[in-house]
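Heads up, the thing below is written out as structure tokens.
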Amino acid sequence: ISFQHREILTNMSSLVLQKANDFTHILRVQNTNVNGKHKVAFALRVIKGIGRRFAIQVLKIAQIDLNKRAGELTEAELDKISDILAKPLDYGMPKYFLNRQRCIKDGSWSQLISNNLDTKYREDMERLKKVRNHRGLRHFWGLKVKGQHTKSTGRTGKTLGVTKKK
């Protein structure tokens, strides 16, 4: 085989399945469709609230091979992953991995996923607006929140320039 043909063959991505009957092309995990062709760690990242490092940590706790494809997972492994995602602290996940640290209402540490993440974010924004917090007001007005300059950037959606009189 020539060098060009070898390069073409290595660039083509194919998936050879050992047990084609057990493979699931689209999984349903935490109310999200997950592509079964991707490796498990990267397939889990589709779920809102789960990043690369958190997904890998969950798989290590569940003792699932990182090179496995998501479609090859058994029901028991999926249940184990869902249980770890629901209660990561019970399985020894470090607190600094969680995306909701020291909740303002009850002081709890938790990992928010998909719909819960959106709900909590919306509640936090409403709370900031309600107490007339500076951040809340900036969100309400549609301005930059974290101290960025606004004189020349962030003008999308607003009228530009000066209208000419006739």
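Starting from 1 in every chain, residues are counted up; chains themselves are A, B, ... following the order of the structure tokens, and ligands are numbered from 1 as listed.
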
List as a VMD selection string the protein and nucleic acid residues near Leu44 in chain A, meaning an atom at most 8 Å away when only C-alpha atoms are counted, but skip any in the same chain fewer than 4 places from it. chain A and resid 34 40 50 55

Dump N, CA and C atoms for the selected residues as a PDB file, in the first residue's frame?
```pdb
ATOM      1  N   VAL A  34     -28.096  10.410  23.974  1.00  0.00           N
ATOM      2  CA  VAL A  34     -26.643  10.267  23.961  1.00  0.00           C
ATOM      3  C   VAL A  34     -26.265   9.378  22.785  1.00  0.00           C
ATOM      4  N   VAL A  40     -17.581   6.588  25.946  1.00  0.00           N
ATOM      5  CA  VAL A  40     -18.521   6.892  27.020  1.00  0.00           C
ATOM      6  C   VAL A  40     -18.277   8.264  27.630  1.00  0.00           C
ATOM      7  N   ILE A  50     -22.522  18.266  32.723  1.00  0.00           N
ATOM      8  CA  ILE A  50     -21.457  17.274  32.846  1.00  0.00           C
ATOM      9  C   ILE A  50     -20.340  17.652  31.889  1.00  0.00           C
ATOM     10  N   ALA A  55     -17.158  13.671  33.820  1.00  0.00           N
ATOM     11  CA  ALA A  55     -17.567  12.429  33.160  1.00  0.00           C
ATOM     12  C   ALA A  55     -16.524  11.331  33.379  1.00  0.00           C
TER      13      ALA A  55
END
```

As a ChimeraX atom specification, please: every residue in range 8-164 of chain A that DSSP puts in helix (DSSP H, G or I). /A:8-11,20-22,40-44,52-62,70-72,75-86,88-91,95-97,115-130,134-141

Could you please write out, as a ChimeraX atom specification, every residue of chain A that DSSP assigns to strand (DSSP E)? /A:26-29,32-35

Contact table range 14-95 of chain A vs range 110-131 of chain A, cut-off 12 Å, shortest pair per residue, only C-alpha atoms, as a tab-separated table:
```
residue	atom	partner	partner_atom	distance
A:Val29	CA	A:Ser114	CA	10.4
A:Gln30	CA	A:Ser114	CA	7.3
A:Asn31	CA	A:Ser114	CA	7.7
A:Thr32	CA	A:Ser114	CA	8.0
A:Asn33	CA	A:Ser114	CA	11.6
A:Leu44	CA	A:Ile113	CA	11.2
A:Arg45	CA	A:Ile113	CA	10.8
A:Val46	CA	A:Ser114	CA	9.8
A:Ile47	CA	A:Ser114	CA	6.3
A:Lys48	CA	A:Ser114	CA	4.7
A:Gly49	CA	A:Ile113	CA	4.7
A:Ile50	CA	A:Ile113	CA	6.9
A:Gly51	CA	A:Ile113	CA	10.5
A:Phe54	CA	A:Gln111	CA	9.8
A:Ala55	CA	A:Gln111	CA	11.9
A:Val58	CA	A:Gln111	CA	11.8
A:Ser82	CA	A:Ile113	CA	10.8
A:Ile84	CA	A:Gln111	CA	10.1
A:Leu85	CA	A:Gln111	CA	7.4
A:Ala86	CA	A:Gln111	CA	7.6
A:Lys87	CA	A:Ser110	CA	7.9
A:Pro88	CA	A:Gln111	CA	7.3
A:Leu89	CA	A:Ser110	CA	7.8
A:Asp90	CA	A:Ser110	CA	10.8
A:Met93	CA	A:Gln111	CA	10.3
A:Pro94	CA	A:Ser110	CA	10.8
A:Lys95	CA	A:Ser110	CA	8.3
```
